[in-house]
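J.: Encoded as structure tokens, here's the structure I'll be asking about.
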Number of protein chains: 2
Amino acid sequence: MISQKSRYALRALLLLAAQEPGKPVQIADIAKQENIPRKFLEAILVELKKPGIVRSHRGRQGGYSLGRAAKDISFADVLRITDGPLALSPCVSVMAYRKCEDCFDESVCVIRKALLAARDSTAQILESRNLAAAVTQLRRAGAI
Amino acid sequence: MISQKSRYALRALLLLAAQEPGKPVQIADIAKQENIPRKFLEAILVELKKPGIVRSHRGRQGGYSLGRAAKDISFADVLRITDGPLALSPCVSVMAYRKCEDCFDESVCVIRKALLAARDSTAQILESRNLAAAVTQLRRAGAI
DNA sequence: CATTATTCCTATTGACTCGATAGGGTATTG
DNA sequence: CAATACCCTATCGAGTCAATAGGAATAATG
């Protein structure tokens with residue numbers, strides 16, 4: 001299960017992706033429109049800022065905008081930041097590999113083989129979905 | 001990420017699947033061979049018993065054996081019991097569907113569409129892997 | 001240049017889950 | 001009937017999740 005934080009992050013980013021590029025939107029506005037607790041959203045956006053997913057503009061008339069083209073921000077990118085690795089086990093994570101504490105022989109572990117296959121397919125799917133395509137989809141559906 | 005509990009459960013079940021069918025193995029032996037905390041394993045096996053994954057035999061010479069053919073126990077079956085739904089969101093879970101609290105219109109949600117695709121592919125993979133096939137694989141690798 | 005509007009930083013909270021442990025109850029068998 | 005196993009309930013500390021609070025730093029504007 002993904003966290004509530006991830007859901008909020010995706011919703012906020014979709015809202016930003018739907019603006020004219022570069023135009024900042026204020027935290028308070030995002031929070032209101034997407035019905036996200038303001039202070040919580042604040043923390044999420046700071047987290048998304050570090051890896052450059054969003055860019056911030058301080059002071060009056062400030063706010064947040066996307067840090068790069070919407071088509072270059074995948075769902076996988078976002079979930080990895082807000083929820084950690086997509087993998088079901090550290091031993092099959094590409095971004096954050098870690099050996100299982102008590103694993104006898106990783107190269108023979110059948111559990112690992114199954115979880116690796118699962119990781120690869122989810123990663124492939126979530127990396128192929130990006131904010132731009134999602135916004136287009138929303139426009140077509142008239143939900144935006 | 002799957003829980004430590006799930007990892008223990010799978011390891012214990014693989015051990016049971018490697019025995020001659022119907023022959024019970026005692027908790028203490030499983031715990032020792034697989035290096036699992038005894039009391040914790042006890043709780044896991046009780047949980048696996050309810051849905052019939054394993055069968056228990058009380059009293060002297062008792063122990064646990066598989067509750068049905070090894071080929072009829074998938075990794076997905078086990079993970080669903082020990083870790084809950086495979087889905088990344090309640091709204092895309094087949095076994096435990098639940099609407100997201102603050103979702104405006106589920107039929108239009110692009111987040112849901114992505115998570116649904118992810119769920120389907122993981123479910124397909126984890127349902128196709130069963131204990132019998134895994135044991136065969138281990139035997140071939142000489143790890144058993 | 002002061003005021004105002006905004007993001008940024010640190011800390012804290014309560015509820016919950018995870019992994020593990022403890023102790024005794026209950027059934028079966030030799 | 002006693003030893004051997006599974007069964008049940010309760011508890012623990014550590015960690016995470018979602019949310020809240022208060023104020024510091026920064027930038028635009030009149």
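Ligands are numbered from 1 in the order shown, residues from 1 within each chain, and chains are lettered A, B, ... in the order they appear in the structure tokens.
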Which chain A residues are at most 9 Å from chain D (counting only C-alpha atoms (C1' of nucleotides)), as a PyMOL selection string?
T.: chain A and resi 3-5+37+39-40+57-62
J.: From a DSSP pass on the backbone, collect the residues of chain A flagged as alpha helix (DSSP H) and hand them back as a PDB file with N, CA and C atoms, in the first residue's frame.
T.:
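out.pdb was written with the following content:
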```pdb
ATOM      1  N   GLN A   4      -0.621   7.807   2.373  1.00  0.00           N
ATOM      2  CA  GLN A   4      -1.457   8.968   2.098  1.00  0.00           C
ATOM      3  C   GLN A   4      -0.585  10.089   1.545  1.00  0.00           C
ATOM      4  N   LYS A   5       0.603  10.186   2.065  1.00  0.00           N
ATOM      5  CA  LYS A   5       1.563  11.185   1.610  1.00  0.00           C
ATOM      6  C   LYS A   5       1.789  11.081   0.102  1.00  0.00           C
ATOM      7  N   SER A   6       1.952   9.881  -0.391  1.00  0.00           N
ATOM      8  CA  SER A   6       2.173   9.668  -1.822  1.00  0.00           C
ATOM      9  C   SER A   6       0.970  10.107  -2.642  1.00  0.00           C
ATOM     10  N   ARG A   7      -0.194   9.786  -2.128  1.00  0.00           N
ATOM     11  CA  ARG A   7      -1.413  10.194  -2.832  1.00  0.00           C
ATOM     12  C   ARG A   7      -1.485  11.716  -2.904  1.00  0.00           C
ATOM     13  N   TYR A   8      -1.222  12.372  -1.776  1.00  0.00           N
ATOM     14  CA  TYR A   8      -1.218  13.831  -1.754  1.00  0.00           C
ATOM     15  C   TYR A   8      -0.185  14.378  -2.738  1.00  0.00           C
ATOM     16  N   ALA A   9       0.991  13.795  -2.725  1.00  0.00           N
ATOM     17  CA  ALA A   9       2.071  14.266  -3.594  1.00  0.00           C
ATOM     18  C   ALA A   9       1.656  14.179  -5.057  1.00  0.00           C
ATOM     19  N   LEU A  10       1.093  13.063  -5.457  1.00  0.00           N
ATOM     20  CA  LEU A  10       0.685  12.892  -6.848  1.00  0.00           C
ATOM     21  C   LEU A  10      -0.401  13.888  -7.227  1.00  0.00           C
ATOM     22  N   ARG A  11      -1.364  14.081  -6.332  1.00  0.00           N
ATOM     23  CA  ARG A  11      -2.452  15.013  -6.627  1.00  0.00           C
ATOM     24  C   ARG A  11      -1.915  16.427  -6.784  1.00  0.00           C
ATOM     25  N   ALA A  12      -1.030  16.812  -5.877  1.00  0.00           N
ATOM     26  CA  ALA A  12      -0.447  18.153  -5.948  1.00  0.00           C
ATOM     27  C   ALA A  12       0.330  18.333  -7.252  1.00  0.00           C
ATOM     28  N   LEU A  13       1.092  17.322  -7.616  1.00  0.00           N
ATOM     29  CA  LEU A  13       1.908  17.418  -8.827  1.00  0.00           C
ATOM     30  C   LEU A  13       1.048  17.463 -10.085  1.00  0.00           C
ATOM     31  N   LEU A  14      -0.050  16.727 -10.079  1.00  0.00           N
ATOM     32  CA  LEU A  14      -0.952  16.761 -11.225  1.00  0.00           C
ATOM     33  C   LEU A  14      -1.541  18.156 -11.378  1.00  0.00           C
ATOM     34  N   LEU A  15      -1.857  18.764 -10.245  1.00  0.00           N
ATOM     35  CA  LEU A  15      -2.372  20.137 -10.299  1.00  0.00           C
ATOM     36  C   LEU A  15      -1.317  21.079 -10.894  1.00  0.00           C
ATOM     37  N   LEU A  16      -0.090  20.949 -10.452  1.00  0.00           N
ATOM     38  CA  LEU A  16       0.981  21.807 -10.984  1.00  0.00           C
ATOM     39  C   LEU A  16       1.205  21.549 -12.469  1.00  0.00           C
ATOM     40  N   ALA A  17       1.099  20.279 -12.848  1.00  0.00           N
ATOM     41  CA  ALA A  17       1.339  19.917 -14.249  1.00  0.00           C
ATOM     42  C   ALA A  17       0.248  20.469 -15.160  1.00  0.00           C
ATOM     43  N   ILE A  27       1.077  27.109  -1.862  1.00  0.00           N
ATOM     44  CA  ILE A  27       0.718  25.959  -1.042  1.00  0.00           C
ATOM     45  C   ILE A  27      -0.739  26.013  -0.620  1.00  0.00           C
ATOM     46  N   ALA A  28      -1.145  27.179  -0.141  1.00  0.00           N
ATOM     47  CA  ALA A  28      -2.509  27.320   0.370  1.00  0.00           C
ATOM     48  C   ALA A  28      -3.548  26.999  -0.707  1.00  0.00           C
ATOM     49  N   ASP A  29      -3.254  27.423  -1.953  1.00  0.00           N
ATOM     50  CA  ASP A  29      -4.194  27.166  -3.042  1.00  0.00           C
ATOM     51  C   ASP A  29      -4.259  25.680  -3.387  1.00  0.00           C
ATOM     52  N   ILE A  30      -3.084  25.061  -3.474  1.00  0.00           N
ATOM     53  CA  ILE A  30      -3.056  23.620  -3.749  1.00  0.00           C
ATOM     54  C   ILE A  30      -3.827  22.880  -2.663  1.00  0.00           C
ATOM     55  N   ALA A  31      -3.524  23.246  -1.404  1.00  0.00           N
ATOM     56  CA  ALA A  31      -4.152  22.576  -0.268  1.00  0.00           C
ATOM     57  C   ALA A  31      -5.671  22.681  -0.345  1.00  0.00           C
ATOM     58  N   LYS A  32      -6.144  23.874  -0.696  1.00  0.00           N
ATOM     59  CA  LYS A  32      -7.579  24.099  -0.760  1.00  0.00           C
ATOM     60  C   LYS A  32      -8.223  23.292  -1.892  1.00  0.00           C
ATOM     61  N   GLN A  33      -7.647  23.442  -3.079  1.00  0.00           N
ATOM     62  CA  GLN A  33      -8.232  22.778  -4.245  1.00  0.00           C
ATOM     63  C   GLN A  33      -8.202  21.264  -4.149  1.00  0.00           C
ATOM     64  N   GLU A  34      -7.129  20.738  -3.579  1.00  0.00           N
ATOM     65  CA  GLU A  34      -6.999  19.279  -3.521  1.00  0.00           C
ATOM     66  C   GLU A  34      -7.424  18.706  -2.176  1.00  0.00           C
ATOM     67  N   ARG A  38      -2.836  21.631   4.979  1.00  0.00           N
ATOM     68  CA  ARG A  38      -1.878  22.614   4.520  1.00  0.00           C
ATOM     69  C   ARG A  38      -0.459  22.348   4.973  1.00  0.00           C
ATOM     70  N   LYS A  39      -0.283  22.154   6.272  1.00  0.00           N
ATOM     71  CA  LYS A  39       1.050  21.979   6.835  1.00  0.00           C
ATOM     72  C   LYS A  39       1.694  20.676   6.378  1.00  0.00           C
ATOM     73  N   PHE A  40       0.870  19.691   6.204  1.00  0.00           N
ATOM     74  CA  PHE A  40       1.362  18.398   5.749  1.00  0.00           C
ATOM     75  C   PHE A  40       1.861  18.528   4.311  1.00  0.00           C
ATOM     76  N   LEU A  41       1.074  19.203   3.495  1.00  0.00           N
ATOM     77  CA  LEU A  41       1.469  19.446   2.106  1.00  0.00           C
ATOM     78  C   LEU A  41       2.785  20.199   2.033  1.00  0.00           C
ATOM     79  N   GLU A  42       2.929  21.150   2.939  1.00  0.00           N
ATOM     80  CA  GLU A  42       4.153  21.937   3.009  1.00  0.00           C
ATOM     81  C   GLU A  42       5.374  21.014   3.106  1.00  0.00           C
ATOM     82  N   ALA A  43       5.292  20.068   4.028  1.00  0.00           N
ATOM     83  CA  ALA A  43       6.398  19.126   4.245  1.00  0.00           C
ATOM     84  C   ALA A  43       6.650  18.267   3.001  1.00  0.00           C
ATOM     85  N   ILE A  44       5.577  17.883   2.357  1.00  0.00           N
ATOM     86  CA  ILE A  44       5.695  17.032   1.164  1.00  0.00           C
ATOM     87  C   ILE A  44       6.414  17.777   0.046  1.00  0.00           C
ATOM     88  N   LEU A  45       6.029  19.034  -0.133  1.00  0.00           N
ATOM     89  CA  LEU A  45       6.620  19.810  -1.218  1.00  0.00           C
ATOM     90  C   LEU A  45       8.109  20.056  -0.995  1.00  0.00           C
ATOM     91  N   VAL A  46       8.482  20.283   0.262  1.00  0.00           N
ATOM     92  CA  VAL A  46       9.906  20.445   0.577  1.00  0.00           C
ATOM     93  C   VAL A  46      10.675  19.182   0.178  1.00  0.00           C
ATOM     94  N   GLU A  47      10.048  18.045   0.460  1.00  0.00           N
ATOM     95  CA  GLU A  47      10.685  16.764   0.144  1.00  0.00           C
ATOM     96  C   GLU A  47      10.823  16.571  -1.368  1.00  0.00           C
ATOM     97  N   LEU A  48       9.816  17.033  -2.088  1.00  0.00           N
ATOM     98  CA  LEU A  48       9.855  16.900  -3.548  1.00  0.00           C
ATOM     99  C   LEU A  48      10.827  17.893  -4.177  1.00  0.00           C
ATOM    100  N   LYS A  49      11.172  18.888  -3.389  1.00  0.00           N
ATOM    101  CA  LYS A  49      12.053  19.931  -3.915  1.00  0.00           C
ATOM    102  C   LYS A  49      13.508  19.458  -3.995  1.00  0.00           C
ATOM    103  N   PHE A  75       5.347   8.524 -12.364  1.00  0.00           N
ATOM    104  CA  PHE A  75       4.741   8.117 -11.096  1.00  0.00           C
ATOM    105  C   PHE A  75       5.788   7.408 -10.232  1.00  0.00           C
ATOM    106  N   ALA A  76       6.638   6.637 -10.861  1.00  0.00           N
ATOM    107  CA  ALA A  76       7.681   5.919 -10.113  1.00  0.00           C
ATOM    108  C   ALA A  76       8.608   6.900  -9.404  1.00  0.00           C
ATOM    109  N   ASP A  77       8.996   7.967 -10.098  1.00  0.00           N
ATOM    110  CA  ASP A  77       9.850   8.993  -9.488  1.00  0.00           C
ATOM    111  C   ASP A  77       9.237   9.488  -8.184  1.00  0.00           C
ATOM    112  N   VAL A  78       7.971   9.813  -8.248  1.00  0.00           N
ATOM    113  CA  VAL A  78       7.280  10.387  -7.094  1.00  0.00           C
ATOM    114  C   VAL A  78       7.169   9.375  -5.956  1.00  0.00           C
ATOM    115  N   LEU A  79       6.708   8.181  -6.280  1.00  0.00           N
ATOM    116  CA  LEU A  79       6.527   7.163  -5.233  1.00  0.00           C
ATOM    117  C   LEU A  79       7.842   6.802  -4.560  1.00  0.00           C
ATOM    118  N   ARG A  80       8.912   6.791  -5.316  1.00  0.00           N
ATOM    119  CA  ARG A  80      10.218   6.470  -4.710  1.00  0.00           C
ATOM    120  C   ARG A  80      10.618   7.519  -3.682  1.00  0.00           C
ATOM    121  N   ILE A  81      10.244   8.765  -3.933  1.00  0.00           N
ATOM    122  CA  ILE A  81      10.598   9.828  -2.991  1.00  0.00           C
ATOM    123  C   ILE A  81       9.720   9.785  -1.749  1.00  0.00           C
ATOM    124  N   THR A  82       8.431   9.624  -1.955  1.00  0.00           N
ATOM    125  CA  THR A  82       7.514   9.731  -0.823  1.00  0.00           C
ATOM    126  C   THR A  82       7.308   8.410  -0.078  1.00  0.00           C
ATOM    127  N   ASP A  83       7.588   7.304  -0.739  1.00  0.00           N
ATOM    128  CA  ASP A  83       7.326   6.003  -0.106  1.00  0.00           C
ATOM    129  C   ASP A  83       8.528   5.075  -0.101  1.00  0.00           C
ATOM    130  N   VAL A 110      14.504 -18.570  -3.882  1.00  0.00           N
ATOM    131  CA  VAL A 110      13.336 -18.563  -4.769  1.00  0.00           C
ATOM    132  C   VAL A 110      12.376 -17.430  -4.432  1.00  0.00           C
ATOM    133  N   ILE A 111      12.389 -17.020  -3.175  1.00  0.00           N
ATOM    134  CA  ILE A 111      11.546 -15.887  -2.783  1.00  0.00           C
ATOM    135  C   ILE A 111      12.028 -14.642  -3.525  1.00  0.00           C
ATOM    136  N   ARG A 112      13.336 -14.467  -3.504  1.00  0.00           N
ATOM    137  CA  ARG A 112      13.926 -13.331  -4.199  1.00  0.00           C
ATOM    138  C   ARG A 112      13.564 -13.339  -5.691  1.00  0.00           C
ATOM    139  N   LYS A 113      13.646 -14.498  -6.324  1.00  0.00           N
ATOM    140  CA  LYS A 113      13.339 -14.593  -7.755  1.00  0.00           C
ATOM    141  C   LYS A 113      11.928 -14.096  -8.040  1.00  0.00           C
ATOM    142  N   ALA A 114      10.987 -14.497  -7.203  1.00  0.00           N
ATOM    143  CA  ALA A 114       9.602 -14.084  -7.403  1.00  0.00           C
ATOM    144  C   ALA A 114       9.435 -12.583  -7.191  1.00  0.00           C
ATOM    145  N   LEU A 115      10.049 -12.078  -6.127  1.00  0.00           N
ATOM    146  CA  LEU A 115       9.907 -10.655  -5.814  1.00  0.00           C
ATOM    147  C   LEU A 115      10.613  -9.775  -6.840  1.00  0.00           C
ATOM    148  N   LEU A 116      11.666 -10.332  -7.425  1.00  0.00           N
ATOM    149  CA  LEU A 116      12.384  -9.594  -8.462  1.00  0.00           C
ATOM    150  C   LEU A 116      11.515  -9.423  -9.704  1.00  0.00           C
ATOM    151  N   ALA A 117      10.850 -10.504 -10.087  1.00  0.00           N
ATOM    152  CA  ALA A 117       9.954 -10.434 -11.239  1.00  0.00           C
ATOM    153  C   ALA A 117       8.839  -9.431 -10.982  1.00  0.00           C
ATOM    154  N   ALA A 118       8.318  -9.448  -9.743  1.00  0.00           N
ATOM    155  CA  ALA A 118       7.246  -8.521  -9.383  1.00  0.00           C
ATOM    156  C   ALA A 118       7.738  -7.081  -9.454  1.00  0.00           C
ATOM    157  N   ARG A 119       8.899  -6.834  -8.893  1.00  0.00           N
ATOM    158  CA  ARG A 119       9.462  -5.482  -8.923  1.00  0.00           C
ATOM    159  C   ARG A 119       9.622  -4.982 -10.350  1.00  0.00           C
ATOM    160  N   ASP A 120      10.203  -5.840 -11.210  1.00  0.00           N
ATOM    161  CA  ASP A 120      10.470  -5.411 -12.574  1.00  0.00           C
ATOM    162  C   ASP A 120       9.198  -4.989 -13.295  1.00  0.00           C
ATOM    163  N   SER A 121       8.134  -5.739 -13.092  1.00  0.00           N
ATOM    164  CA  SER A 121       6.921  -5.389 -13.816  1.00  0.00           C
ATOM    165  C   SER A 121       6.258  -4.134 -13.260  1.00  0.00           C
ATOM    166  N   THR A 122       6.244  -3.975 -11.950  1.00  0.00           N
ATOM    167  CA  THR A 122       5.680  -2.725 -11.406  1.00  0.00           C
ATOM    168  C   THR A 122       6.517  -1.531 -11.818  1.00  0.00           C
ATOM    169  N   ALA A 123       7.822  -1.664 -11.717  1.00  0.00           N
ATOM    170  CA  ALA A 123       8.700  -0.556 -12.086  1.00  0.00           C
ATOM    171  C   ALA A 123       8.460  -0.160 -13.537  1.00  0.00           C
ATOM    172  N   GLN A 124       8.365  -1.160 -14.391  1.00  0.00           N
ATOM    173  CA  GLN A 124       8.163  -0.874 -15.810  1.00  0.00           C
ATOM    174  C   GLN A 124       6.874  -0.076 -16.024  1.00  0.00           C
ATOM    175  N   ILE A 125       5.836  -0.485 -15.322  1.00  0.00           N
ATOM    176  CA  ILE A 125       4.537   0.190 -15.471  1.00  0.00           C
ATOM    177  C   ILE A 125       4.567   1.607 -14.903  1.00  0.00           C
ATOM    178  N   LEU A 126       5.078   1.756 -13.695  1.00  0.00           N
ATOM    179  CA  LEU A 126       5.038   3.066 -13.038  1.00  0.00           C
ATOM    180  C   LEU A 126       6.041   4.049 -13.627  1.00  0.00           C
ATOM    181  N   GLU A 127       7.076   3.522 -14.258  1.00  0.00           N
ATOM    182  CA  GLU A 127       8.027   4.429 -14.913  1.00  0.00           C
ATOM    183  C   GLU A 127       7.496   4.930 -16.257  1.00  0.00           C
ATOM    184  N   SER A 128       6.560   4.168 -16.806  1.00  0.00           N
ATOM    185  CA  SER A 128       6.031   4.563 -18.111  1.00  0.00           C
ATOM    186  C   SER A 128       4.908   5.597 -17.999  1.00  0.00           C
ATOM    187  N   LEU A 131       3.430  12.599 -15.639  1.00  0.00           N
ATOM    188  CA  LEU A 131       2.442  13.637 -15.312  1.00  0.00           C
ATOM    189  C   LEU A 131       1.771  14.219 -16.556  1.00  0.00           C
ATOM    190  N   ALA A 132       2.559  14.423 -17.625  1.00  0.00           N
ATOM    191  CA  ALA A 132       1.988  15.021 -18.835  1.00  0.00           C
ATOM    192  C   ALA A 132       0.895  14.136 -19.412  1.00  0.00           C
ATOM    193  N   ALA A 133       1.187  12.868 -19.557  1.00  0.00           N
ATOM    194  CA  ALA A 133       0.204  11.932 -20.103  1.00  0.00           C
ATOM    195  C   ALA A 133      -1.032  11.868 -19.209  1.00  0.00           C
ATOM    196  N   ALA A 134      -0.804  11.901 -17.901  1.00  0.00           N
ATOM    197  CA  ALA A 134      -1.917  11.829 -16.964  1.00  0.00           C
ATOM    198  C   ALA A 134      -2.830  13.044 -17.102  1.00  0.00           C
ATOM    199  N   VAL A 135      -2.236  14.229 -17.261  1.00  0.00           N
ATOM    200  CA  VAL A 135      -3.024  15.452 -17.418  1.00  0.00           C
ATOM    201  C   VAL A 135      -3.847  15.401 -18.706  1.00  0.00           C
ATOM    202  N   THR A 136      -3.214  14.935 -19.770  1.00  0.00           N
ATOM    203  CA  THR A 136      -3.935  14.775 -21.031  1.00  0.00           C
ATOM    204  C   THR A 136      -5.157  13.878 -20.848  1.00  0.00           C
ATOM    205  N   GLN A 137      -4.927  12.788 -20.147  1.00  0.00           N
ATOM    206  CA  GLN A 137      -6.001  11.833 -19.874  1.00  0.00           C
ATOM    207  C   GLN A 137      -7.145  12.490 -19.099  1.00  0.00           C
ATOM    208  N   LEU A 138      -6.777  13.308 -18.118  1.00  0.00           N
ATOM    209  CA  LEU A 138      -7.784  14.007 -17.322  1.00  0.00           C
ATOM    210  C   LEU A 138      -8.569  15.000 -18.176  1.00  0.00           C
ATOM    211  N   ARG A 139      -7.874  15.702 -19.075  1.00  0.00           N
ATOM    212  CA  ARG A 139      -8.544  16.687 -19.940  1.00  0.00           C
ATOM    213  C   ARG A 139      -9.541  15.987 -20.838  1.00  0.00           C
ATOM    214  N   ARG A 140      -9.116  14.864 -21.414  1.00  0.00           N
ATOM    215  CA  ARG A 140     -10.001  14.102 -22.299  1.00  0.00           C
ATOM    216  C   ARG A 140     -11.271  13.671 -21.573  1.00  0.00           C
TER     217      ARG A 140
END
```
J.: Per DSSP on the backbone, filter region 3-144 of chain B down to the residues in strand (DSSP E or B) and report them as a ChimeraX atom specification.
T.: /B:25,54-57,63-66,74,130
J.: Tell me the residues of chain C close to chain B, meaning within 7 Å using only C-alpha atoms (C1' of nucleotides), as a VMD selection string.
T.: chain C and resid 20 27 to 29
J.: Based on the selection just made, write C-alpha atoms (C1' of nucleotides) of those residues as a JSON list (two decimals), in the first residue's frame.
T.:
```
[["chain", "number", "residue", "atom", "x", "y", "z"],
["C", 20, "DA", "C1'", 9.51, -10.33, 19.33],
["C", 27, "DA", "C1'", -4.97, -31.82, 23.44],
["C", 28, "DT", "C1'", -2.59, -36.19, 22.17],
["C", 29, "DT", "C1'", 0.20, -40.12, 22.67]]
```
J.: Quick check, in Å to one decimal: how far apart do CA of Ile2 (chain B) and CA of Ala143 (chain B) lie?
T.: 23.4 Å
J.: List the neighbours of Leu66 (chain A) out to 9 Å using only C-alpha atoms (C1' of nucleotides); skip same-chain residues closer than 6 positions along the sequence, and give me the result as an NGL selection string.
T.: :A and (13 or 16-17 or 21-24 or 52-56)
J.: Of the candidates A:Ala141, A:Lys99, A:Ala69, A:Gln19, which one gets nearest to chain B if we count only C-alpha atoms?
T.: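 The answer is A:Ala141, which sits nearest to chain B.
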J.: Please, what distance in Å, to one decimal, runs between CA of Glu101 (chain A) and CA of Gly142 (chain B)?
T.: 22.0 Å
